[in-house]
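Here's the structure, in structure tokens; my notes come after.
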Amino acid sequence: MRRRDVLRLSAAASFSAGAGALVLGSRGGPALPVGPAAEGTGPDPADMAQMPGMSMVPIKGTVRPAAVLTPFTDAMPRLADAVPTATTADADYYTINVQQSTAAIAPGALTSILSYGGGFIGPTIRATRNRRVVAKFTNSLTESVVVHLHGGHTPAASDGFPTDEIVAGGTKVNTYPNTQRAATLWYHDHLHMMEAPHVYQGLHGMYIIRDPWEDGLRLPSGRYDVPILLRDAYLNDDNSLLYDPFLDWTVVLANGKPRPYFPVAPRKYRFRFLNGSNHRAFSLTLSDGRPVVQIASDGGLLAAPVSTASIEISSAERAEVVIDFSGCAHGTQLFLQDATLGQVLRFDVTESCGADLSQVPAQLAASLPPLPAANRTRSIELSLTPDGNYFPINGQIFDPDRVDSRIALGSTEIWTITDVSGWEHNFHLHLVQFRILDVNGLAPDPTQRGWKDTVVIPKNGVVRIQASFTDYPGKYVYHCHLLEHASYTGMMATMVVA
């Protein structure tokens, strides 16, 4: 089942001069050329600017005319890898500074950002299954931060609960056991009430777990295995990054560059797409209409590759795909494009290569294991308060000191997540990967049948998921991953696993 809602937020002029519609998601429709975002249809837009929670949004920056950018001026950079400061027989150690920095996002002036390690996208941590990563984060900012490994099966002390702050000048050591399948994860800020602006300003980075077993599949690897963080932004004409969620963010960034080009060779590539946007969903296609082959989702490889016309990823979701350029003549330009924002990235077939020995086998994982019997079922309701002020979960606005769900360690649960708010949301569960059982009573799309940690909940729809809560007791959260909803409209809840 494809997810095809477009949600918009009305903007109150009192928040920022010239405020416009905020596009929350797009599903389907013809590809668009580079240009302003197209407005879609959806529910009558709630006036989020009038919600008491949204009145607490800290606008970061000064509103100026939007930057006028020439697309495909810069090459898309490859993300930098984190370098261990030490290694032992069973662990790799990293030190990452959380700091104020600048980045060359667009030509001309540098852009002020918040950063893990100095770059607009933090260094990619490359982990190995069953080998620990010990990451020391030092906060050199003047405000607190929290670091969350999104998708990680992680002890509570290292998970990044929203009030588990690293204060200004402080240090925290997180341990990630990596006792989970190979997958593309990411780390980002999770500070209570400040997650949305912090992530927007640059506190995000990728985290890739590999399993030597995968090498035998002969999927594209090395320089032909390319992580890409996609997100949107609003750039002023002086290249300053403005955080104002009541504006329409139509600058789309691929690895921190607006609509870049990427040279490729006539062979197969593995692309690891992460939607690092605060709230935008992407519906990605290739400009020549060819399908792509999806091989993995949030929690790693699918059981078998899926040929799909589009890559559908909401905020925080990941999709790994293989694109084969072997039939493209030298000099071919092929565009990756979004149904709303138009052209996102240009692939230029200009590189040379030797023989391509990679493949996409008919079977990826030996099989996805059968789900164990569930010990209990749980109902989760996403709603809108009658006064239109907040999005509660099971009637409650987030309180970090209240326990909303108690889960037995070692249990398996089926969660029925129902939206009655009239909005499309997505839903992220900490600690575990889950399987989607059905969406509105129907089997999920084949691209959604692997292990997941984030799922779209259709407006007025029902999604059932199943998860096992193993290994780690403690306090965790589950929440909408439209970050403004989680940060300012109460759309988060606490679970204790014991």
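Following the order of the structure tokens, chains are lettered A, B, ..., residues in each are numbered from 1, and ligands are numbered from 1.
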
Please identify all polymer residues within 8 Å of Thr489 of chain A, counting only C-alpha atoms, omitting same-chain residues fewer than 2 positions from it, and present them as a list in words.
Met51, Gly53, Met54, Asn389, Tyr390, Phe391, Pro392, Ile397, Glu484, His485, Ala486, Ser487 and Met491 of chain A

Which residues, written as a PyMOL selection string, have at least one atom at most 7 Å from Tyr207 of chain A, with only C-alpha atoms counted and residues fewer than 6 positions away on the same chain left out?
chain A and resi 124-126+184-187

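Distances here use only C-alpha atoms; by that measure, the residue among A:Leu241, A:Val146, A:His425, A:Val360 closest to Val63 of chain A is A:Leu241.
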
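Computed from the coordinates, the atom CA of Arg280 of chain A to atom CA of Glu320 of chain A distance equals 18.6 Å.
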
In segment 176-417 of chain A, DSSP strand (DSSP E) residues written as a tab-separated table (two decimals) with C-alpha atoms, in the first residue's frame:
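Generated file (part24.tsv):
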chain	number	residue	atom	x	y	z
A	176	TYR	CA	26.33	0.65	21.60
A	183	ALA	CA	21.54	-1.91	8.96
A	184	THR	CA	21.72	1.79	8.22
A	185	LEU	CA	20.97	3.72	11.43
A	186	TRP	CA	21.57	7.34	12.38
A	187	TYR	CA	22.30	9.42	15.45
A	188	HIS	CA	20.71	12.76	16.23
A	189	ASP	CA	19.79	15.15	19.00
A	204	HIS	CA	22.57	14.43	12.70
A	205	GLY	CA	24.95	11.76	11.46
A	206	MET	CA	24.83	8.26	9.98
A	207	TYR	CA	25.69	5.00	11.70
A	208	ILE	CA	26.17	1.86	9.62
A	209	ILE	CA	26.34	-1.64	11.08
A	210	ARG	CA	27.92	-4.19	8.79
A	225	ASP	CA	28.11	1.75	-1.46
A	226	VAL	CA	27.05	5.36	-0.90
A	227	PRO	CA	25.16	6.75	2.15
A	228	ILE	CA	22.97	9.76	1.32
A	229	LEU	CA	21.23	11.91	3.92
A	230	LEU	CA	18.34	13.78	2.30
A	231	ARG	CA	16.56	16.66	4.00
A	232	ASP	CA	14.96	20.02	3.37
A	233	ALA	CA	15.84	23.47	4.69
A	251	VAL	CA	15.80	23.82	-0.46
A	252	VAL	CA	16.49	20.10	-0.66
A	253	LEU	CA	19.93	18.94	0.47
A	254	ALA	CA	21.74	15.72	-0.44
A	257	LYS	CA	24.48	20.31	-0.71
A	258	PRO	CA	21.45	21.82	-2.49
A	261	TYR	CA	25.34	16.25	-9.02
A	262	PHE	CA	27.12	12.95	-8.37
A	263	PRO	CA	29.45	11.31	-10.91
A	264	VAL	CA	28.86	7.58	-11.34
A	268	LYS	CA	25.60	-1.01	-10.06
A	269	TYR	CA	25.58	1.22	-6.96
A	270	ARG	CA	24.11	0.65	-3.50
A	271	PHE	CA	22.58	3.85	-2.14
A	272	ARG	CA	21.62	4.09	1.53
A	273	PHE	CA	18.95	6.81	1.69
A	274	LEU	CA	18.09	8.39	5.03
A	275	ASN	CA	15.32	10.96	5.34
A	282	PHE	CA	9.99	11.99	0.14
A	283	SER	CA	8.53	10.06	-2.77
A	284	LEU	CA	11.57	9.50	-5.00
A	285	THR	CA	11.69	8.29	-8.60
A	286	LEU	CA	14.20	8.26	-11.45
A	292	VAL	CA	14.84	0.86	-8.59
A	293	VAL	CA	15.58	-2.28	-6.60
A	294	GLN	CA	15.06	-1.88	-2.85
A	295	ILE	CA	17.14	-4.29	-0.80
A	296	ALA	CA	16.78	-3.00	2.77
A	297	SER	CA	14.69	-0.82	5.05
A	300	GLY	CA	18.45	-4.16	7.39
A	301	LEU	CA	18.05	-6.45	4.41
A	302	LEU	CA	14.67	-7.53	3.12
A	303	ALA	CA	14.15	-11.24	2.53
A	304	ALA	CA	14.31	-10.61	-1.23
A	305	PRO	CA	14.89	-7.56	-3.43
A	306	VAL	CA	11.82	-5.57	-4.45
A	307	SER	CA	11.54	-3.73	-7.77
A	308	THR	CA	9.68	-0.51	-7.00
A	311	ILE	CA	11.24	5.15	-2.83
A	312	GLU	CA	8.83	6.20	-0.07
A	313	ILE	CA	10.51	7.48	3.11
A	318	ARG	CA	15.74	4.53	5.59
A	319	ALA	CA	15.69	2.69	2.29
A	320	GLU	CA	18.65	0.97	0.66
A	321	VAL	CA	18.39	0.58	-3.10
A	322	VAL	CA	20.51	-0.64	-5.97
A	323	ILE	CA	20.56	1.44	-9.16
A	324	ASP	CA	22.23	-0.04	-12.23
A	333	GLN	CA	22.42	12.57	-16.89
A	334	LEU	CA	19.78	10.86	-14.78
A	335	PHE	CA	17.79	12.69	-12.11
A	336	LEU	CA	16.52	11.50	-8.76
A	337	GLN	CA	13.34	13.48	-8.24
A	338	ASP	CA	10.73	13.97	-5.55
A	342	GLY	CA	11.15	18.08	-8.19
A	343	GLN	CA	14.76	17.24	-9.03
A	344	VAL	CA	16.83	16.36	-5.97
A	345	LEU	CA	20.08	14.88	-7.27
A	346	ARG	CA	21.65	14.45	-10.71
A	347	PHE	CA	23.63	11.33	-11.54
A	348	ASP	CA	26.28	12.01	-14.20
A	349	VAL	CA	27.56	8.87	-15.91
A	376	ARG	CA	-0.11	-9.29	24.98
A	377	THR	CA	-1.69	-6.70	22.75
A	378	ARG	CA	-1.60	-2.96	23.31
A	379	SER	CA	-3.69	-0.14	21.82
A	380	ILE	CA	-2.09	3.18	20.91
A	381	GLU	CA	-4.34	6.05	19.83
A	382	LEU	CA	-3.05	9.19	18.12
A	405	SER	CA	3.35	1.78	29.27
A	406	ARG	CA	4.92	-1.00	31.35
A	407	ILE	CA	6.37	-3.83	29.31
A	412	THR	CA	6.50	-9.99	22.59
A	413	GLU	CA	3.70	-7.53	21.97
A	414	ILE	CA	1.34	-6.57	19.17
A	415	TRP	CA	0.59	-2.85	19.07
A	416	THR	CA	-2.49	-1.56	17.28
A	417	ILE	CA	-1.76	2.08	16.43

Taking into account only C-alpha atoms, which residue in the set A:Asp74, A:Ala196, A:Thr447, A:Ser140 is nearest to Gly169 of chain A?
A:Ser140

Could you give me, as a Markdown table, every segment 158-236 of chain A residue with an atom at most 12 Å from segment 102-109 of chain A, plus its closest atom pair and distance in Å to one decimal, counting only C-alpha atoms, rows ordered by chain then number?
| residue | atom | partner | partner_atom | distance |
| --- | --- | --- | --- | --- |
| A:Gln201 | CA | A:Thr102 | CA | 10.6 |
| A:Gly202 | CA | A:Ala103 | CA | 9.7 |
| A:Ala233 | CA | A:Ile105 | CA | 10.8 |
| A:Tyr234 | CA | A:Ile105 | CA | 11.6 |
| A:Leu235 | CA | A:Ala106 | CA | 8.9 |
| A:Asn236 | CA | A:Ala106 | CA | 10.6 |

Near-Leu217 of chain A list (12 Å; only C-alpha atoms; drop same-chain fewer than 3 positions) as a VMD selection string
chain A and resid 211 to 214 220 to 221 295 301 304 357 to 366

Once you have the residues from the selection above, write them out as a PDB file, in the first residue's frame, restricted to N, CA and C atoms.
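Generated file (part19.pdb):
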ATOM      1  N   ASP A 211      27.812  -6.578   8.646  1.00  0.00           N
ATOM      2  CA  ASP A 211      27.957  -7.962   9.083  1.00  0.00           C
ATOM      3  C   ASP A 211      28.794  -8.662   8.011  1.00  0.00           C
ATOM      4  N   PRO A 212      29.955  -9.218   8.377  1.00  0.00           N
ATOM      5  CA  PRO A 212      30.789  -9.873   7.357  1.00  0.00           C
ATOM      6  C   PRO A 212      30.028 -10.907   6.536  1.00  0.00           C
ATOM      7  N   TRP A 213      28.957 -11.454   7.110  1.00  0.00           N
ATOM      8  CA  TRP A 213      28.146 -12.425   6.359  1.00  0.00           C
ATOM      9  C   TRP A 213      27.613 -11.817   5.068  1.00  0.00           C
ATOM     10  N   GLU A 214      27.308 -10.506   5.105  1.00  0.00           N
ATOM     11  CA  GLU A 214      26.750  -9.852   3.920  1.00  0.00           C
ATOM     12  C   GLU A 214      27.732  -9.838   2.751  1.00  0.00           C
ATOM     13  N   PRO A 220      26.883  -4.324  -4.251  1.00  0.00           N
ATOM     14  CA  PRO A 220      27.871  -3.261  -4.475  1.00  0.00           C
ATOM     15  C   PRO A 220      28.476  -2.796  -3.155  1.00  0.00           C
ATOM     16  N   SER A 221      29.796  -2.609  -3.138  1.00  0.00           N
ATOM     17  CA  SER A 221      30.482  -2.311  -1.885  1.00  0.00           C
ATOM     18  C   SER A 221      31.583  -1.286  -2.129  1.00  0.00           C
ATOM     19  N   ILE A 295      16.581  -3.087  -1.426  1.00  0.00           N
ATOM     20  CA  ILE A 295      17.142  -4.291  -0.803  1.00  0.00           C
ATOM     21  C   ILE A 295      17.047  -4.267   0.713  1.00  0.00           C
ATOM     22  N   LEU A 301      18.453  -5.835   5.672  1.00  0.00           N
ATOM     23  CA  LEU A 301      18.052  -6.452   4.412  1.00  0.00           C
ATOM     24  C   LEU A 301      16.636  -7.013   4.453  1.00  0.00           C
ATOM     25  N   ALA A 304      13.999 -10.551   0.203  1.00  0.00           N
ATOM     26  CA  ALA A 304      14.309 -10.606  -1.226  1.00  0.00           C
ATOM     27  C   ALA A 304      14.236  -9.194  -1.776  1.00  0.00           C
ATOM     28  N   LEU A 357      31.582  -6.865 -10.716  1.00  0.00           N
ATOM     29  CA  LEU A 357      31.354  -8.229 -10.229  1.00  0.00           C
ATOM     30  C   LEU A 357      30.258  -8.290  -9.179  1.00  0.00           C
ATOM     31  N   SER A 358      29.617  -7.144  -8.896  1.00  0.00           N
ATOM     32  CA  SER A 358      28.551  -7.133  -7.896  1.00  0.00           C
ATOM     33  C   SER A 358      27.269  -7.715  -8.485  1.00  0.00           C
ATOM     34  N   GLN A 359      26.335  -8.024  -7.582  1.00  0.00           N
ATOM     35  CA  GLN A 359      25.076  -8.611  -8.010  1.00  0.00           C
ATOM     36  C   GLN A 359      23.981  -8.244  -7.010  1.00  0.00           C
ATOM     37  N   VAL A 360      22.753  -8.511  -7.410  1.00  0.00           N
ATOM     38  CA  VAL A 360      21.619  -8.441  -6.484  1.00  0.00           C
ATOM     39  C   VAL A 360      21.005  -9.834  -6.479  1.00  0.00           C
ATOM     40  N   PRO A 361      21.343 -10.653  -5.483  1.00  0.00           N
ATOM     41  CA  PRO A 361      20.845 -12.033  -5.491  1.00  0.00           C
ATOM     42  C   PRO A 361      19.333 -12.083  -5.308  1.00  0.00           C
ATOM     43  N   ALA A 362      18.729 -13.137  -5.794  1.00  0.00           N
ATOM     44  CA  ALA A 362      17.275 -13.290  -5.697  1.00  0.00           C
ATOM     45  C   ALA A 362      16.815 -13.420  -4.260  1.00  0.00           C
ATOM     46  N   GLN A 363      17.704 -13.888  -3.391  1.00  0.00           N
ATOM     47  CA  GLN A 363      17.387 -13.995  -1.970  1.00  0.00           C
ATOM     48  C   GLN A 363      18.468 -13.247  -1.212  1.00  0.00           C
ATOM     49  N   LEU A 364      18.052 -12.336  -0.328  1.00  0.00           N
ATOM     50  CA  LEU A 364      18.999 -11.518   0.420  1.00  0.00           C
ATOM     51  C   LEU A 364      19.259 -12.108   1.798  1.00  0.00           C
ATOM     52  N   ALA A 365      18.268 -12.065   2.658  1.00  0.00           N
ATOM     53  CA  ALA A 365      18.364 -12.769   3.933  1.00  0.00           C
ATOM     54  C   ALA A 365      17.886 -14.196   3.693  1.00  0.00           C
ATOM     55  N   ALA A 366      18.464 -15.139   4.431  1.00  0.00           N
ATOM     56  CA  ALA A 366      18.042 -16.525   4.251  1.00  0.00           C
ATOM     57  C   ALA A 366      16.523 -16.620   4.368  1.00  0.00           C
TER      58      ALA A 366
END

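Of the residues listed (A:Ser326, A:Asn255, A:Ser240, A:Thr111), A:Ser326 shows the shortest atom-to-atom separation from Thr350 of chain A; distances use only C-alpha atoms.
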
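Look at Gly170 of chain A: the protein and nucleic acid residues within 12 Å of it, using only C-alpha atoms and passing over chain neighbours fewer than 6 places away, are Asn97, Val98, Gln99, Lys136, Phe137, Thr138, Asn139, Ser140, Leu141, Thr142, Glu143, Ser144, Val145, Val146 and Asp164 of chain A.
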
Could you write out the selected residues, including N, CA and C atoms, as a tab-separated table (two decimals), in the first residue's frame?
chain	number	residue	atom	x	y	z
A	97	ASN	N	32.96	15.76	19.25
A	97	ASN	CA	32.68	17.05	19.87
A	97	ASN	C	31.39	17.63	19.30
A	98	VAL	N	30.47	18.02	20.17
A	98	VAL	CA	29.24	18.70	19.76
A	98	VAL	C	29.53	20.19	19.84
A	99	GLN	N	29.46	20.89	18.72
A	99	GLN	CA	30.03	22.22	18.67
A	99	GLN	C	29.29	23.15	17.71
A	136	LYS	N	32.26	8.77	23.03
A	136	LYS	CA	32.33	9.84	24.03
A	136	LYS	C	31.93	11.15	23.36
A	137	PHE	N	30.82	11.74	23.82
A	137	PHE	CA	30.33	12.99	23.28
A	137	PHE	C	30.63	14.11	24.27
A	138	THR	N	31.34	15.12	23.81
A	138	THR	CA	31.65	16.30	24.63
A	138	THR	C	30.85	17.48	24.09
A	139	ASN	N	30.10	18.13	24.96
A	139	ASN	CA	29.22	19.22	24.54
A	139	ASN	C	29.92	20.56	24.71
A	140	SER	N	30.37	21.13	23.60
A	140	SER	CA	31.02	22.44	23.62
A	140	SER	C	30.06	23.59	23.32
A	141	LEU	N	28.77	23.30	23.26
A	141	LEU	CA	27.77	24.35	23.05
A	141	LEU	C	27.47	25.05	24.36
A	142	THR	N	26.64	26.08	24.27
A	142	THR	CA	26.21	26.79	25.48
A	142	THR	C	24.85	26.31	25.95
A	143	GLU	N	24.32	25.26	25.32
A	143	GLU	CA	23.03	24.69	25.70
A	143	GLU	C	23.16	23.17	25.74
A	144	SER	N	22.24	22.52	26.42
A	144	SER	CA	22.28	21.07	26.57
A	144	SER	C	21.94	20.37	25.27
A	145	VAL	N	22.37	19.11	25.17
A	145	VAL	CA	22.01	18.24	24.05
A	145	VAL	C	21.74	16.84	24.60
A	146	VAL	N	21.13	16.01	23.78
A	146	VAL	CA	20.95	14.58	24.05
A	146	VAL	C	21.30	13.85	22.76
A	164	ASP	N	17.79	13.09	29.34
A	164	ASP	CA	19.11	12.60	29.72
A	164	ASP	C	20.17	13.53	29.12
